[in-house]
>>> print(open('work-v9.tsv').read())   # TSV, C-alpha atoms
chain	number	residue	atom	x	y	z
Q	1	MET	CA	-4.51	18.66	14.10
Q	2	ASP	CA	-7.76	16.73	14.49
Q	3	ARG	CA	-7.00	13.05	15.04
Q	4	GLN	CA	-10.46	11.99	13.83
Q	5	ILE	CA	-9.26	12.05	10.27
Q	6	TYR	CA	-6.99	9.05	10.86
Q	7	GLU	CA	-9.80	7.10	12.48
Q	8	LYS	CA	-11.94	7.77	9.40
Q	9	ILE	CA	-9.24	6.48	7.05
Q	10	GLU	CA	-9.81	2.99	8.47
Q	11	ASN	CA	-13.49	3.06	7.46
Q	12	LEU	CA	-13.21	4.39	3.92
Q	13	SER	CA	-14.58	2.25	1.14
Q	14	PRO	CA	-11.62	0.31	-0.28
Q	15	ASN	CA	-13.08	0.44	-3.78
Q	16	ALA	CA	-13.70	4.20	-3.94
Q	17	GLU	CA	-11.15	6.88	-4.87
Q	18	ASN	CA	-10.13	8.32	-1.52
Q	19	TYR	CA	-7.96	11.41	-1.10
Q	20	ILE	CA	-6.48	13.10	1.92
Q	21	LEU	CA	-5.90	16.82	1.31
Q	22	THR	CA	-3.19	18.68	3.25
Q	23	ILE	CA	-2.27	22.37	3.21
Q	24	LEU	CA	1.51	22.61	3.15
Q	25	SER	CA	2.26	26.16	4.29
Q	26	GLY	CA	0.84	29.49	5.35
Q	27	GLU	CA	-1.95	30.31	7.75
Q	28	TYR	CA	-3.69	26.96	7.30
Q	29	ALA	CA	-0.57	24.74	7.27
Q	30	GLY	CA	-1.39	21.24	8.40
Q	31	GLU	CA	-5.15	21.48	7.93
Q	32	LYS	CA	-6.56	18.35	6.33
Q	33	ALA	CA	-9.71	17.14	4.68
Q	34	LEU	CA	-10.86	13.73	3.56
Q	35	LEU	CA	-12.49	13.20	0.18
Q	36	SER	CA	-14.15	9.88	-0.69
Q	37	ALA	CA	-15.83	9.23	-4.06
Q	38	GLY	CA	-15.94	12.98	-4.67
Q	39	ARG	CA	-17.56	13.85	-1.35
Q	40	TYR	CA	-16.04	15.23	1.83
Q	41	THR	CA	-16.21	12.84	4.75
Q	42	PHE	CA	-14.15	15.10	7.01
Q	43	LEU	CA	-13.93	18.89	7.12
Q	44	GLU	CA	-12.62	21.15	9.85
Q	45	ALA	CA	-15.43	23.47	10.91
Q	46	GLY	CA	-14.74	27.00	9.68
Q	47	GLY	CA	-11.51	25.88	8.04
Q	48	PHE	CA	-10.02	26.42	4.62
Q	49	PHE	CA	-11.61	23.44	2.92
Q	50	GLU	CA	-15.06	24.28	4.27
Q	51	LYS	CA	-14.67	27.70	2.68
Q	52	TYR	CA	-12.97	26.80	-0.59
Q	53	GLY	CA	-13.10	23.01	-0.95
Q	54	ALA	CA	-15.81	23.13	-3.60
Q	55	GLU	CA	-13.27	24.70	-5.98
Q	56	LEU	CA	-10.90	21.71	-6.10
Q	57	PRO	CA	-9.51	20.85	-9.53
Q	58	PRO	CA	-10.31	17.40	-10.97
Q	59	LEU	CA	-8.27	14.73	-9.17
Q	60	SER	CA	-7.10	11.48	-10.75
Q	61	ARG	CA	-3.82	10.86	-8.93
Q	62	SER	CA	-1.67	12.24	-6.13
Q	63	MET	CA	-0.80	15.83	-6.98
Q	64	GLU	CA	0.17	19.23	-5.61
Q	65	PHE	CA	-1.74	22.32	-6.66
Q	66	CYS	CA	-2.49	25.90	-5.62
Q	67	LEU	CA	-5.97	26.80	-4.35
Q	68	PHE	CA	-6.78	30.40	-3.40
Q	69	GLY	CA	-3.12	31.10	-2.69
Q	70	GLU	CA	-2.53	27.97	-0.59
Q	71	SER	CA	-0.34	25.04	-1.64
Q	72	VAL	CA	-2.37	21.84	-1.31
Q	73	TYR	CA	-1.18	18.24	-1.55
Q	74	ALA	CA	-3.86	15.75	-2.60
Q	75	GLU	CA	-2.83	12.18	-1.91
Q	76	LEU	CA	-4.64	9.27	-3.52
Q	77	LEU	CA	-4.85	6.75	-0.72
Q	78	SER	CA	-4.29	3.05	-0.96
Q	79	ARG	CA	-4.60	0.38	1.66
Q	80	GLY	CA	-1.66	-1.77	2.52
Q	81	LYS	CA	-0.93	-4.21	-0.30
Q	82	LYS	CA	-2.21	-7.72	0.40
Q	83	LEU	CA	-0.78	-10.91	-1.07
Q	84	ILE	CA	-3.11	-13.92	-0.91
Q	85	VAL	CA	-1.41	-17.20	-1.84
Q	86	LEU	CA	-3.68	-20.17	-2.59
Q	87	GLY	CA	-1.66	-23.29	-1.83
Q	88	ALA	CA	1.33	-23.93	0.42
Q	89	GLY	CA	3.47	-26.17	-1.74
Q	90	HIS	CA	7.19	-25.91	-2.48
Q	91	VAL	CA	6.80	-22.85	-4.76
Q	92	SER	CA	4.51	-21.05	-2.33
Q	93	LEU	CA	7.03	-20.85	0.51
Q	94	PRO	CA	9.53	-18.52	-1.22
Q	95	ILE	CA	6.55	-16.49	-2.56
Q	96	LEU	CA	5.43	-15.94	1.04
Q	97	ARG	CA	8.92	-14.92	2.15
Q	98	LEU	CA	9.44	-12.53	-0.74
Q	99	GLY	CA	5.98	-11.01	-0.24
Q	100	LYS	CA	6.94	-10.15	3.32
Q	101	MET	CA	10.27	-8.74	2.16
Q	102	ILE	CA	8.56	-6.19	-0.11
Q	103	GLY	CA	6.20	-5.08	2.66
Q	104	MET	CA	2.98	-6.87	1.75
Q	105	SER	CA	0.55	-8.36	4.22
Q	106	VAL	CA	0.66	-12.07	3.39
Q	107	THR	CA	-2.15	-14.61	3.72
Q	108	CYS	CA	-1.81	-18.27	2.76
Q	109	ILE	CA	-4.65	-20.76	2.31
Q	110	ASP	CA	-4.24	-24.54	2.24
Q	111	ASP	CA	-6.57	-27.28	3.42
Q	112	ARG	CA	-3.76	-29.58	4.57
Q	113	PRO	CA	-2.64	-29.01	8.19
Q	114	SER	CA	0.97	-30.03	7.60
Q	115	PHE	CA	1.28	-27.65	4.64
Q	116	ALA	CA	-0.44	-24.84	6.54
Q	117	LYS	CA	2.15	-25.32	9.29
Q	118	ARG	CA	4.92	-24.81	6.72
Q	119	ALA	CA	3.30	-21.56	5.62
Q	120	GLU	CA	3.35	-20.35	9.22
Q	121	SER	CA	7.05	-21.18	9.43
Q	122	ALA	CA	7.66	-19.25	6.20
Q	123	GLY	CA	6.37	-16.11	7.91
Q	124	ALA	CA	2.84	-15.67	6.53
Q	125	ASP	CA	0.89	-13.12	8.58
Q	126	ARG	CA	-2.23	-15.21	8.36
Q	127	VAL	CA	-2.71	-18.89	7.52
Q	128	ILE	CA	-6.16	-20.33	6.87
Q	129	CYS	CA	-6.31	-24.12	7.01
Q	130	GLU	CA	-9.63	-24.64	5.31
Q	131	ASP	CA	-11.24	-25.68	2.05
Q	132	PHE	CA	-10.24	-23.10	-0.57
Q	133	SER	CA	-13.80	-22.10	-1.44
Q	134	LYS	CA	-14.80	-21.63	2.18
Q	135	ALA	CA	-11.58	-19.82	3.10
Q	136	LEU	CA	-12.03	-17.33	0.26
Q	137	GLU	CA	-15.31	-16.27	1.83
Q	138	GLU	CA	-13.17	-14.67	4.57
Q	139	ILE	CA	-11.18	-12.62	2.02
Q	140	PRO	CA	-13.22	-9.58	0.92
Q	141	GLY	CA	-10.88	-8.50	-1.88
Q	142	ASP	CA	-10.22	-4.91	-2.98
Q	143	ARG	CA	-8.05	-2.91	-5.37
Q	144	ASP	CA	-4.98	-3.65	-3.25
Q	145	SER	CA	-5.39	-7.45	-3.19
Q	146	TYR	CA	-2.99	-9.64	-5.19
Q	147	PHE	CA	-4.05	-13.29	-5.62
Q	148	VAL	CA	-1.57	-16.03	-6.52
Q	149	ILE	CA	-3.09	-19.43	-7.33
Q	150	VAL	CA	-0.56	-22.23	-6.87
Q	151	THR	CA	-2.74	-25.16	-5.81
Q	152	ARG	CA	-2.12	-28.85	-6.39
Q	153	GLY	CA	-4.69	-29.44	-9.14
Q	154	HIS	CA	-6.89	-27.80	-11.74
Q	155	ARG	CA	-10.08	-28.56	-9.75
Q	156	TYR	CA	-8.76	-26.40	-6.91
Q	157	ASP	CA	-7.53	-23.78	-9.38
Q	158	GLN	CA	-11.01	-23.65	-10.84
Q	159	ASP	CA	-12.69	-23.23	-7.45
Q	160	CYS	CA	-10.29	-20.46	-6.48
Q	161	LEU	CA	-10.52	-18.58	-9.76
Q	162	ARG	CA	-14.32	-18.85	-9.82
Q	163	ARG	CA	-14.58	-17.07	-6.47
Q	164	ILE	CA	-11.76	-14.56	-6.91
Q	165	THR	CA	-13.15	-13.21	-10.20
Q	166	LYS	CA	-16.30	-12.18	-8.33
Q	167	LYS	CA	-14.25	-9.97	-6.00
Q	168	SER	CA	-12.33	-6.74	-6.49
Q	169	TYR	CA	-8.60	-7.30	-7.00
Q	170	ALA	CA	-5.43	-5.77	-8.40
Q	171	TYR	CA	-3.92	-8.98	-9.76
Q	172	ILE	CA	-4.70	-12.65	-10.30
Q	173	GLY	CA	-1.93	-15.02	-11.34
Q	174	MET	CA	-2.28	-18.77	-11.76
Q	175	MET	CA	0.41	-21.39	-12.14
Q	176	GLY	CA	-0.12	-24.36	-14.42
Q	177	SER	CA	0.54	-25.85	-17.82
Q	178	ARG	CA	-1.13	-24.26	-20.83
Q	179	ARG	CA	-3.49	-27.24	-21.05
Q	180	ARG	CA	-4.43	-26.98	-17.39
Q	181	VAL	CA	-5.05	-23.26	-17.67
Q	182	ARG	CA	-7.09	-23.72	-20.85
Q	183	ILE	CA	-9.34	-26.30	-19.15
Q	184	VAL	CA	-9.98	-23.96	-16.22
Q	185	LYS	CA	-10.71	-20.97	-18.45
Q	186	GLU	CA	-13.06	-22.94	-20.72
Q	187	GLN	CA	-15.04	-24.20	-17.75
Q	188	LEU	CA	-15.44	-20.76	-16.20
Q	189	LEU	CA	-16.31	-19.24	-19.57
Q	190	SER	CA	-19.08	-21.82	-19.93
Q	191	GLU	CA	-20.37	-20.79	-16.49
Q	192	GLY	CA	-20.66	-17.17	-17.57
Q	193	THR	CA	-17.43	-15.61	-16.31
Q	194	PRO	CA	-16.77	-12.65	-18.64
Q	195	LYS	CA	-14.07	-13.34	-21.23
Q	196	GLU	CA	-12.32	-10.01	-20.53
Q	197	ILE	CA	-11.80	-11.03	-16.91
Q	198	LEU	CA	-10.29	-14.37	-17.91
Q	199	ASP	CA	-8.14	-12.65	-20.53
Q	200	GLY	CA	-6.68	-10.51	-17.72
Q	201	LEU	CA	-5.49	-13.58	-15.84
Q	202	HIS	CA	-1.68	-13.67	-15.51
Q	203	SER	CA	-0.93	-17.17	-16.75
Q	204	PRO	CA	1.72	-18.31	-17.42
Q	205	ILE	CA	2.38	-16.60	-14.13
Q	206	GLY	CA	5.43	-14.40	-13.56
Q	207	LEU	CA	7.87	-12.59	-15.79
Q	208	ASP	CA	9.72	-14.70	-18.33
Q	209	ILE	CA	13.19	-14.94	-16.80
Q	210	HIS	CA	13.66	-18.64	-17.66
Q	211	SER	CA	13.22	-19.54	-14.00
Q	212	GLU	CA	13.59	-23.16	-12.93
Q	213	THR	CA	13.90	-23.50	-9.15
Q	214	PRO	CA	11.05	-22.64	-6.73
Q	215	GLU	CA	13.00	-19.59	-5.59
Q	216	GLU	CA	13.52	-18.37	-9.16
Q	217	ILE	CA	9.84	-18.92	-9.96
Q	218	ALA	CA	8.90	-16.95	-6.84
Q	219	ILE	CA	11.16	-14.09	-7.92
Q	220	SER	CA	9.51	-14.02	-11.36
Q	221	ILE	CA	6.04	-13.91	-9.77
Q	222	LEU	CA	6.89	-11.15	-7.31
Q	223	ALA	CA	8.59	-9.19	-10.09
Q	224	GLU	CA	5.36	-9.33	-12.09
Q	225	ILE	CA	3.33	-8.26	-9.05
Q	226	ILE	CA	5.71	-5.33	-8.44
Q	227	SER	CA	5.33	-4.32	-12.09
Q	228	VAL	CA	1.53	-4.31	-11.79
Q	229	LYS	CA	1.62	-2.55	-8.41
Q	230	ASN	CA	3.84	0.26	-9.61
Q	231	ARG	CA	1.97	1.09	-12.81
Q	232	GLU	CA	-0.10	3.59	-10.84
Q	233	LYS	CA	2.28	6.02	-9.22
Q	234	GLY	CA	1.60	8.18	-6.20
Q	235	SER	CA	-0.82	5.92	-4.33
Q	236	PHE	CA	0.91	5.16	-1.04
Q	237	GLY	CA	-1.53	5.80	1.78
Q	238	TYR	CA	-0.96	4.90	5.41
Q	239	PRO	CA	0.55	1.49	6.19
Q	240	GLU	CA	-1.02	-0.30	9.14
Q	241	GLU	CA	2.09	0.08	11.29
Q	242	ILE	CA	1.99	3.87	10.84
Q	243	LEU	CA	-1.73	4.08	11.61
Q	244	GLU	CA	-1.10	2.00	14.74
Q	245	GLY	CA	1.72	4.35	15.74
Q	246	ILE	CA	-0.52	7.37	15.23
Q	247	SER	CA	-3.25	5.78	17.37
Q	248	GLU	CA	-0.72	5.48	20.22
Q	249	ALA	CA	0.25	9.17	20.02
Q	250	GLY	CA	-0.57	11.61	22.82
Q	251	GLU	CA	0.45	14.90	24.38
Q	252	GLU	CA	2.80	13.33	26.91
Q	253	PRO	CA	6.45	13.80	25.78
Q	254	GLU	CA	7.06	10.06	25.40
Q	255	ARG	CA	3.93	9.62	23.24
Q	256	ARG	CA	4.53	12.46	20.83
Q	257	ARG	CA	4.83	11.53	17.16
Q	258	VAL	CA	5.86	13.40	14.01
Q	259	LEU	CA	4.67	12.22	10.62
Q	260	ALA	CA	7.07	12.76	7.70
Q	261	THR	CA	5.64	12.54	4.15
Q	262	ILE	CA	7.65	13.01	0.97
Q	263	ILE	CA	5.82	15.64	-1.10
Q	264	ARG	CA	8.33	16.28	-3.88
Q	265	ARG	CA	11.27	14.33	-5.21
Q	266	LYS	CA	13.86	15.30	-7.81
Q	267	GLY	CA	16.83	13.42	-9.12
Q	268	SER	CA	17.53	9.87	-7.99
Q	269	ALA	CA	16.31	10.05	-4.40
Q	270	PRO	CA	15.35	6.48	-3.50
Q	271	ARG	CA	11.71	6.87	-2.35
Q	272	ALA	CA	8.74	8.35	-4.19
Q	273	ALA	CA	6.32	11.13	-3.24
Q	274	GLY	CA	3.78	9.83	-0.76
Q	275	THR	CA	6.27	7.67	1.17
Q	276	LYS	CA	5.83	8.09	4.93
Q	277	MET	CA	7.72	7.62	8.15
Q	278	LEU	CA	6.49	8.13	11.71
Q	279	ILE	CA	9.21	9.62	13.91
Q	280	LEU	CA	9.33	8.82	17.64
Q	281	PRO	CA	10.76	11.13	20.34
Q	282	ASP	CA	14.00	9.14	20.58
Q	283	GLY	CA	14.65	9.50	16.83
Q	284	ARG	CA	13.57	6.02	15.86
Q	285	GLY	CA	11.29	5.69	12.87
Q	286	ILE	CA	8.36	3.52	11.93
Q	287	GLY	CA	8.79	3.00	8.20
Q	288	THR	CA	11.46	4.79	6.18
Q	289	ILE	CA	11.73	7.59	3.66
Q	290	GLY	CA	14.97	6.24	2.23
Q	291	GLY	CA	17.50	6.01	5.03
Q	292	GLY	CA	20.97	7.53	5.09
Q	293	CYS	CA	21.86	11.15	5.67
Q	294	ALA	CA	18.66	12.47	4.03
Q	295	GLU	CA	16.50	10.64	6.55
Q	296	ALA	CA	18.83	11.70	9.37
Q	297	GLU	CA	18.39	15.35	8.37
Q	298	VAL	CA	14.60	14.99	8.36
Q	299	ILE	CA	14.71	13.44	11.83
Q	300	ARG	CA	16.97	16.27	13.02
Q	301	GLN	CA	14.58	18.93	11.73
Q	302	SER	CA	11.62	17.16	13.32
Q	303	ARG	CA	13.02	17.88	16.79
Q	304	GLN	CA	11.49	21.36	16.87
Q	305	LEU	CA	8.03	19.80	16.61
Q	306	PHE	CA	8.79	17.58	19.60
Q	307	ALA	CA	10.24	20.45	21.62
Q	308	ASP	CA	7.47	22.97	20.97
Q	309	SER	CA	3.88	21.72	20.98
Q	310	ALA	CA	2.80	25.00	19.36
Q	311	ALA	CA	5.25	24.68	16.44
Q	312	ARG	CA	3.53	24.67	13.06
Q	313	PRO	CA	3.93	21.94	10.44
Q	314	PHE	CA	6.49	22.75	7.78
Q	315	LEU	CA	8.25	21.53	4.66
Q	316	CYS	CA	11.75	20.21	5.25
Q	317	HIS	CA	14.03	20.64	2.22
Q	318	VAL	CA	16.88	18.16	1.80
Q	319	ASP	CA	19.32	18.66	-1.08
Q	320	LEU	CA	21.55	15.64	-1.35
Q	321	THR	CA	24.05	15.98	-4.17
Q	322	GLU	CA	25.58	12.82	-5.58
Q	323	GLU	CA	28.93	13.76	-4.07
Q	324	ALA	CA	27.42	14.19	-0.59
Q	325	ALA	CA	25.50	10.96	-0.99
Q	326	ALA	CA	28.65	9.09	-1.96
Q	327	GLN	CA	30.44	10.37	1.14
Q	328	GLU	CA	27.64	8.90	3.24
Q	329	GLY	CA	27.91	5.55	1.50
Q	330	MET	CA	24.69	6.02	-0.50
Q	331	VAL	CA	24.38	5.14	-4.19
Q	332	CYS	CA	22.12	8.01	-5.19
Q	333	GLY	CA	21.55	11.68	-4.55
Q	334	GLY	CA	18.58	13.93	-5.18
Q	335	VAL	CA	16.33	16.56	-3.67
Q	336	LEU	CA	13.46	15.89	-1.26
Q	337	ASP	CA	10.76	18.11	0.18
Q	338	VAL	CA	9.28	16.37	3.21
Q	339	PHE	CA	6.23	17.62	5.12
Q	340	LEU	CA	6.62	17.33	8.89
Q	341	GLU	CA	3.60	17.49	11.22
Q	342	ARG	CA	2.66	16.54	14.77
Q	343	VAL	CA	0.05	13.81	15.02
>>> encode(input="work-v9.tsv", output="structure tokens")
Amino acid sequence: MDRQIYEKIENLSPNAENYILTILSGEYAGEKALLSAGRYTFLEAGGFFEKYGAELPPLSRSMEFCLFGESVYAELLSRGKKLIVLGAGHVSLPILRLGKMIGMSVTCIDDRPSFAKRAESAGADRVICEDFSKALEEIPGDRDSYFVIVTRGHRYDQDCLRRITKKSYAYIGMMGSRRRVRIVKEQLLSEGTPKEILDGLHSPIGLDIHSETPEEIAISILAEIISVKNREKGSFGYPEEILEGISEAGEEPERRRVLATIIRRKGSAPRAAGTKMLILPDGRGIGTIGGGCAEAEVIRQSRQLFADSAARPFLCHVDLTEEAAAQEGMVCGGVLDVFLERV
């Protein structure tokens, strides 16, 4: 399979609808194409998509369909989810920790060195110790960016919100009393910020779970972010750690990699279609497709792709009844179809 397609994923416009198309079986199994804003940015010369790609059905989400007798999986790509926390006070620290726990790339901004140091200790991937307005110039924003404003005063809130609303984003939440939030909104409205944008601000921030402690408030905020994130199903894409693992792949036995992608899920299997795991020659995985005996079976079946460089990609079917799952110590069963391919 041509590795160029993964290099191109890195350069796709984050604000366009980007799809990676994969043929799941038959003569063309494993062939891919890249579609960005309705146009192909990658096609295999003389391949299936060059011949028939103009006949694609309308795409609005991740989906599987049949095209000229071939089963095709179209995956709506997303970038890794990014959490940007403005402020490093006592509520921010558990927000940073929880953001990391759910797999987000976490950035924290605070202009006070001692507070920025605390954010580093809390595990933020990136800490910017700079004036909020200036620091936000380094954050491009896109449809996978989640902004949480928890600064120490409404003047800083106002500066942050003013700049964030001019970017692309998935979510903006702002902490503060109703009066404080009203003052900020009124000021920005007077400056020309569209009312519909301000109406979309999540404030009071977080789900109403009657939280009191910083940790409880952080849980309510992350719960709201998860709710927003998961409204659009089937948009998983390639996490940075998997793209990095693919970039390290090669033909030498120790550098071979197999990519596992859930294509179909039935029942209560724990992970959704689009979830990925990169399998290494020793059976270790980068990422997870759910763990337990289902993942172990996928890893077992991947061995043929490691052993035979000419082996074709294939769909691995795992039928995990609730009884079998219980015997393995899992809480759910289900059926998975996982596409396995050498990268």
>>> closest_atom_pairs(input="work-v9.tsv", of="range 112-197 of chain Q", to="range 77-94 of chain Q", cutoff="10 Å", atoms="all atoms listed in the file", output="CSV")
residue,atom,partner,partner_atom,distance
Q:Arg112,CA,Q:Ala88,CA,8.7
Q:Ser114,CA,Q:Ala88,CA,9.4
Q:Phe115,CA,Q:Ala88,CA,5.6
Q:Ala116,CA,Q:Ala88,CA,6.4
Q:Lys117,CA,Q:Ala88,CA,9.0
Q:Arg118,CA,Q:Ala88,CA,7.3
Q:Ala119,CA,Q:Ala88,CA,6.0
Q:Glu120,CA,Q:Leu93,CA,9.5
Q:Ser121,CA,Q:Leu93,CA,8.9
Q:Ala122,CA,Q:Leu93,CA,5.9
Q:Gly123,CA,Q:Leu93,CA,8.8
Q:Ala124,CA,Q:Leu93,CA,9.0
Q:Arg126,CA,Q:Ile84,CA,9.4
Q:Val127,CA,Q:Ala88,CA,9.6
Q:Ile128,CA,Q:Leu86,CA,9.8
Q:Phe132,CA,Q:Leu86,CA,7.5
Q:Ala135,CA,Q:Leu86,CA,9.7
Q:Leu136,CA,Q:Leu86,CA,9.3
Q:Ile139,CA,Q:Ile84,CA,8.7
Q:Gly141,CA,Q:Lys82,CA,9.0
Q:Asp142,CA,Q:Arg79,CA,9.0
Q:Arg143,CA,Q:Ser78,CA,8.3
Q:Asp144,CA,Q:Lys81,CA,5.0
Q:Ser145,CA,Q:Lys82,CA,4.8
Q:Tyr146,CA,Q:Leu83,CA,4.8
Q:Phe147,CA,Q:Ile84,CA,4.8
Q:Val148,CA,Q:Val85,CA,4.8
Q:Ile149,CA,Q:Leu86,CA,4.8
Q:Val150,CA,Q:Gly87,CA,5.3
Q:Thr151,CA,Q:Gly87,CA,4.5
Q:Arg152,CA,Q:Gly87,CA,7.2
Q:Tyr156,CA,Q:Leu86,CA,9.1
Q:Asp157,CA,Q:Leu86,CA,8.6
Q:Cys160,CA,Q:Leu86,CA,7.7
Q:Tyr169,CA,Q:Lys82,CA,9.8
Q:Ala170,CA,Q:Lys81,CA,9.4
Q:Tyr171,CA,Q:Leu83,CA,9.4
Q:Ile172,CA,Q:Ile84,CA,9.6
Q:Gly173,CA,Q:Val85,CA,9.8
Q:Met174,CA,Q:Leu86,CA,9.4
Q:Met175,CA,Q:Val91,CA,9.9
>>> atom_distance(input="work-v9.tsv", atom1="CA of Ala45 in chain Q", atom2="CA of Lys8 in chain Q")
16.2 Å
>>> atom_distance(input="work-v9.tsv", atom1="CA of Gln187 in chain Q", atom2="CA of Glu137 in chain Q")
21.1 Å
>>> closest_residue(input="work-v9.tsv", among="Q:Asp319, Q:Glu297, Q:Glu191, Q:Glu251", to="Leu340 in chain Q", atoms="all atoms listed in the file")
Q:Glu297
>>> closest_atom_pairs(input="work-v9.tsv", of="range 34-119 of chain Q", to="range 270-288 of chain Q", cutoff="10 Å", atoms="only C-alpha atoms", output="Markdown table")
| residue | atom | partner | partner_atom | distance |
| --- | --- | --- | --- | --- |
| Q:Ser62 | CA | Q:Gly274 | CA | 8.0 |
| Q:Met63 | CA | Q:Ala273 | CA | 9.3 |
| Q:Tyr73 | CA | Q:Gly274 | CA | 9.8 |
| Q:Ala74 | CA | Q:Gly274 | CA | 9.8 |
| Q:Glu75 | CA | Q:Gly274 | CA | 7.1 |
| Q:Leu76 | CA | Q:Gly274 | CA | 8.9 |
| Q:Leu77 | CA | Q:Gly274 | CA | 9.2 |
>>> atom_distance(input="work-v9.tsv", atom1="CA of Leu189 in chain Q", atom2="CA of Gln158 in chain Q")
11.1 Å
>>> axis_aligned_box(input="work-v9.tsv", around="range 65-69 of chain Q", padding_each_side="8 Å", output="AutoDock Vina command-line options")
--center_x -4.3 --center_y 26.7 --center_z -4.7 --size_x 21.0 --size_y 24.8 --size_z 20.0
>>> closest_residue(input="work-v9.tsv", among="Q:Ala16, Q:Ala37, Q:Ile217, Q:Cys316", to="Leu336 in chain Q", atoms="only C-alpha atoms")
Q:Cys316
>>> closest_residue(input="work-v9.tsv", among="Q:Ser168, Q:Ser220, Q:Ser302, Q:Asn11", to="Thr41 in chain Q", atoms="all atoms listed in the file")
Q:Asn11
>>> residues_around(input="work-v9.tsv", residues="Phe339 in chain Q", least_positions_apart="3", cutoff="7 Å", atoms="all atoms listed in the file", output="PyMOL selection string")
chain Q and resi 260-263+314-316
>>> closest_residue(input="work-v9.tsv", among="Q:Ile219, Q:Ile225, Q:Leu188, Q:Cys129", to="His202 in chain Q", atoms="only C-alpha atoms")
Q:Ile225
>>> residues_around(input="work-v9.tsv", residues="Glu44 in chain Q", least_positions_apart="4", cutoff="12 Å", atoms="all atoms listed in the file", output="PDB file with C-alpha atoms, in the coordinates of the input")
ATOM      1  CA  MET Q   1      -4.510  18.660  14.100  1.00  0.00           C
ATOM      2  CA  ASP Q   2      -7.760  16.730  14.490  1.00  0.00           C
ATOM      3  CA  ARG Q   3      -7.000  13.050  15.040  1.00  0.00           C
ATOM      4  CA  GLN Q   4     -10.460  11.990  13.830  1.00  0.00           C
ATOM      5  CA  ILE Q   5      -9.260  12.050  10.270  1.00  0.00           C
ATOM      6  CA  LEU Q  21      -5.900  16.820   1.310  1.00  0.00           C
ATOM      7  CA  THR Q  22      -3.190  18.680   3.250  1.00  0.00           C
ATOM      8  CA  TYR Q  28      -3.690  26.960   7.300  1.00  0.00           C
ATOM      9  CA  GLY Q  30      -1.390  21.240   8.400  1.00  0.00           C
ATOM     10  CA  GLU Q  31      -5.150  21.480   7.930  1.00  0.00           C
ATOM     11  CA  LYS Q  32      -6.560  18.350   6.330  1.00  0.00           C
ATOM     12  CA  ALA Q  33      -9.710  17.140   4.680  1.00  0.00           C
ATOM     13  CA  LEU Q  34     -10.860  13.730   3.560  1.00  0.00           C
ATOM     14  CA  TYR Q  40     -16.040  15.230   1.830  1.00  0.00           C
ATOM     15  CA  PHE Q  48     -10.020  26.420   4.620  1.00  0.00           C
ATOM     16  CA  PHE Q  49     -11.610  23.440   2.920  1.00  0.00           C
ATOM     17  CA  GLU Q  50     -15.060  24.280   4.270  1.00  0.00           C
ATOM     18  CA  LYS Q  51     -14.670  27.700   2.680  1.00  0.00           C
ATOM     19  CA  TYR Q  52     -12.970  26.800  -0.590  1.00  0.00           C
ATOM     20  CA  GLY Q  53     -13.100  23.010  -0.950  1.00  0.00           C
TER      21      GLY Q  53
END
>>> residues_around(input="work-v9.tsv", residues="Leu305 in chain Q", least_positions_apart="5", cutoff="9 Å", atoms="only C-alpha atoms", output="MDAnalysis selection string")
chainID Q and resid 257:258 310:313 340:342
>>> closest_residue(input="work-v9.tsv", among="Q:Ile209, Q:Val184, Q:Cys108, Q:Leu259", to="Gly245 in chain Q", atoms="only C-alpha atoms")
Q:Leu259
>>> closest_residue(input="work-v9.tsv", among="Q:Asp337, Q:Glu70, Q:Leu243, Q:Asp125", to="Gly103 in chain Q", atoms="all atoms listed in the file")
Q:Asp125
